[in-house]
Amino acid sequence: MKYVLLAVAALVTLAAAVLLGPATVPLGDIVSSPIVWQLRLPRAVLAFLVGGALGVSGVGLQALVRNPLADPFLLGLSGGAGLGAVAAIALDFPGPWALPLAAFVGAVGAMALVYRLGLIGGAELDPRVLLLGGVAVGAFAAAITTAVVSLAEATELRNAFLWLWGGFSGASWTTVLVIAVYAPLPLVVLAAAARPLDLLALGEEPAQYLGADVRRVKRLVYLAASLLTAAAVAVAGVIGFVGLVVPHLCRLVWGRLHRTLFPTAFLAGGILLAAADTLARTVVAPRELPVGIVTALLGVPVFAFLLRRWTVS
Amino acid sequence: MRRWAHRTHLAGLLALAVAACAGGERPASRGGIAVTDDAGRRVTLAAPAQRIVSLLPSFTELLFAIGAGDRLVGRTTWCDYPPEALAVPNVGDGMPPNVEVVAARRPDLVVLYRSGPNVTAAEQLERVGIRTVLLDLNLLEDLGPAARRLGVVTGRRAAADSLSRIMDSLAAQPPAPSTQSLVFIVWDNPPIVIGAGSYLDRLAALAGARNVFHDIGSPTAQVSIETIAARDPDVVAVLSDSAVTPRYAARPEWRAVRAVREARFLFLPGQLFGRPGPRAAEAVRDFRRRLGAAP
């Protein structure tokens, strides 16, 4: 039932994203219009895929660090991505894909560093070490980024932050292809870890007794969730909030089992982000709002409502 | 923040010491000079300023244009016109001004663009006994009033007034009949364009080109590629010193915009177009010529 509901909502959202926009496209031309085919449709699909990826990544990381505040970007990824993006502009890397690629490399670099910190002294990805390591690496990367921006003379650098704040202006079939080819592997890895993650919620020792290979599951989940987020950064910048709130939302409505959480978070994240992007493009036309603002304006009231219902019951 | 406050405090002490060594306060003169700046402050000087620090390229150009360029003892990194300006000591990028470096030039007047951080910097300079003027300089119509007041504080009234009249009449000119439409793309992801509340929108109108985002009141705005494609400008104007096609032109999503697809880019050198200045009329002529020569 919930899947039918989510699938219908997803279709409605995608249809709205294709039908609505600042340019007037007659209904009869929807299929042939280059505006729809080259701009609206890839943008809607990309927003949906990125939203889904962030939702799933959030579920995985929250389960891994067993902290409700965990967000896919918490573990230093946004700082690393920012540093990569600024480096691409400051060092003038050539080519139209330099910025996303450098952001991806920066995010993965930060992730690798946090991962390494998480293993120091046999810590075995202890949530506390991971969280502290993530915050520290993120702050360090952000400090270097700010230093580069304030010392360099290129005014373009200031605009690197605009890109970093996230959005789907760069959407095309190529970016859709990038994430569509890349995302399935980490998604499958996460889905396969659904059962052990349920056990992990009981604590690491009980999970171990109940037959989960805790060490291996933690490493796989960490890497898969982070690589998924890094891909999202490369195509859409840092979009906060989706990966934090969507998992909670799904948990409140459909329970804590990861077998259900992963697919529902994918669909709900996709719906939220695609809807937010459609609103961002249309409500203040001819201008456009940064999508992160709309995501928060849309998601927070829903979240607050659910939170209230949940604490009351 | 605390450290910064501490640093500027030190700068103040240093500047006071320098001022004391230089012979203390000047005697108040009766025939003083006074102007009201755009922060609404009454600025009084005993005599025309002799040692001026300009913290905006437009002011540097205006001061040279009214014949007060030889009084400059400090300029920003960005002040690259006229060529003589490059001989003036550089006090940094001015964003925000390094108050200590400015004070060390021992100016009797600092001219600042009115912005939040600059208002704070002006207060700090005043506290160490350096006079400051805060002026607006965003639009074509700001040039005349700015030039006029710079003329008063430098004692170059006649030259400044004639320049002001030229600037005012240019600002009062009706837009030329437009033959082409254009979009100014400042940044590509997210796309940022220039709206009506800007110097460049006005220059384009005077040169006979219609900004397709003239309906947006603010100087700049984020829009979607779809909106740009739907408004279908003839030309994409880019502020750039080199005529190198922007990288985004190779990206598939930008091919939806006809002017990008057909590579109809118009490159405007930043030195002439990137800021309002006394060469506005020249900029309009140059703009018209470039529009005529556009591919």
# chains A, B, ... in the order shown; residues from 1 in each chain; ligands from 1
$ interface_residues --of "chain A" --to "chain B" --cutoff "8 Å" --atoms "only C-alpha atoms" --output "list in words"
Gly21, Pro22, Ala23, Thr24, Pro34, Ile35, Gln38, Leu39, Arg40, Gly95, Pro96, Asn159, Leu162, Trp163, Gly167, Phe168, Ser169, Gly170, Ala171, Ser172, Trp173, Thr174, Arg281, Ala285, Pro286, Arg287, Glu288 and Leu289 of chain A
$ write_last_selection --atoms "C-alpha atoms" --output "PDB file, in the first residue's frame"
ATOM      1  CA  GLY A  21       8.038  26.034 -15.800  1.00  0.00           C
ATOM      2  CA  PRO A  22       8.676  29.672 -16.602  1.00  0.00           C
ATOM      3  CA  ALA A  23       8.521  29.033 -20.360  1.00  0.00           C
ATOM      4  CA  THR A  24       5.090  28.392 -21.848  1.00  0.00           C
ATOM      5  CA  PRO A  34      13.433  21.012 -26.515  1.00  0.00           C
ATOM      6  CA  ILE A  35      12.681  23.011 -23.339  1.00  0.00           C
ATOM      7  CA  GLN A  38      16.616  19.099 -22.721  1.00  0.00           C
ATOM      8  CA  LEU A  39      15.886  21.105 -19.567  1.00  0.00           C
ATOM      9  CA  ARG A  40      12.816  20.143 -17.549  1.00  0.00           C
ATOM     10  CA  GLY A  95      36.852  21.705 -19.147  1.00  0.00           C
ATOM     11  CA  PRO A  96      33.150  22.006 -18.322  1.00  0.00           C
ATOM     12  CA  ASN A 159      30.734  32.188  -6.966  1.00  0.00           C
ATOM     13  CA  LEU A 162      26.910  29.593  -4.984  1.00  0.00           C
ATOM     14  CA  TRP A 163      27.492  26.327  -6.796  1.00  0.00           C
ATOM     15  CA  GLY A 167      20.849  23.189  -7.115  1.00  0.00           C
ATOM     16  CA  PHE A 168      19.935  21.541 -10.355  1.00  0.00           C
ATOM     17  CA  SER A 169      20.846  24.238 -12.863  1.00  0.00           C
ATOM     18  CA  GLY A 170      23.559  21.953 -14.203  1.00  0.00           C
ATOM     19  CA  ALA A 171      21.130  19.132 -14.978  1.00  0.00           C
ATOM     20  CA  SER A 172      21.382  17.423 -18.362  1.00  0.00           C
ATOM     21  CA  TRP A 173      21.013  13.873 -19.632  1.00  0.00           C
ATOM     22  CA  THR A 174      24.748  13.514 -19.125  1.00  0.00           C
ATOM     23  CA  ARG A 281      11.845  27.256 -10.533  1.00  0.00           C
ATOM     24  CA  ALA A 285       9.563  33.364 -11.813  1.00  0.00           C
ATOM     25  CA  PRO A 286      11.358  34.863 -13.693  1.00  0.00           C
ATOM     26  CA  ARG A 287      13.717  34.508 -10.762  1.00  0.00           C
ATOM     27  CA  GLU A 288      14.655  31.245  -9.138  1.00  0.00           C
ATOM     28  CA  LEU A 289      15.069  30.290  -5.481  1.00  0.00           C
TER      29      LEU A 289
END
$ residues_around --residues "Leu252 of chain A" --least-positions-apart "3" --cutoff "12 Å" --atoms "only C-alpha atoms" --output "VMD selection string"
chain A and resid 245 to 249 255 to 257 260 to 261 264 to 265 302 to 311 313
$ closest_residue --among "B:Arg131, B:Arg258, B:Arg210, B:Arg202" --to "Ala281 of chain B" --atoms "only C-alpha atoms"
B:Arg202
$ residues_around --residues "Tyr209 of chain A" --least-positions-apart "6" --cutoff "12 Å" --atoms "only C-alpha atoms" --output "list of chain:residue names"
A:Pro196, A:Leu199, A:Leu200, A:Leu202, A:Gly203
$ write_last_selection --atoms "C-alpha atoms" --output "tab-separated table (two decimals), in the first residue's frame"
chain	number	residue	atom	x	y	z
A	196	PRO	CA	22.40	-6.45	9.87
A	199	LEU	CA	20.47	-5.82	14.44
A	200	LEU	CA	23.01	-3.03	14.85
A	202	LEU	CA	20.35	-3.17	19.33
A	203	GLY	CA	24.00	-2.34	19.92
$ select_by_dssp --residues "segment 18-224 of chain B" --states "alpha helix (DSSP H)" --output "PyMOL selection string"
chain B and resi 18-21+57-65+99-104+116-127+143-154+157-172+199-207
$ atom_distance --atom1 "atom CA of Ala15 of chain A" --atom2 "atom CA of Leu272 of chain A"
13.8 Å
$ closest_residue --among "A:Ala230, A:Val50, A:Leu14, A:Leu5" --to "Gly106 of chain A" --atoms "only C-alpha atoms"
A:Ala230
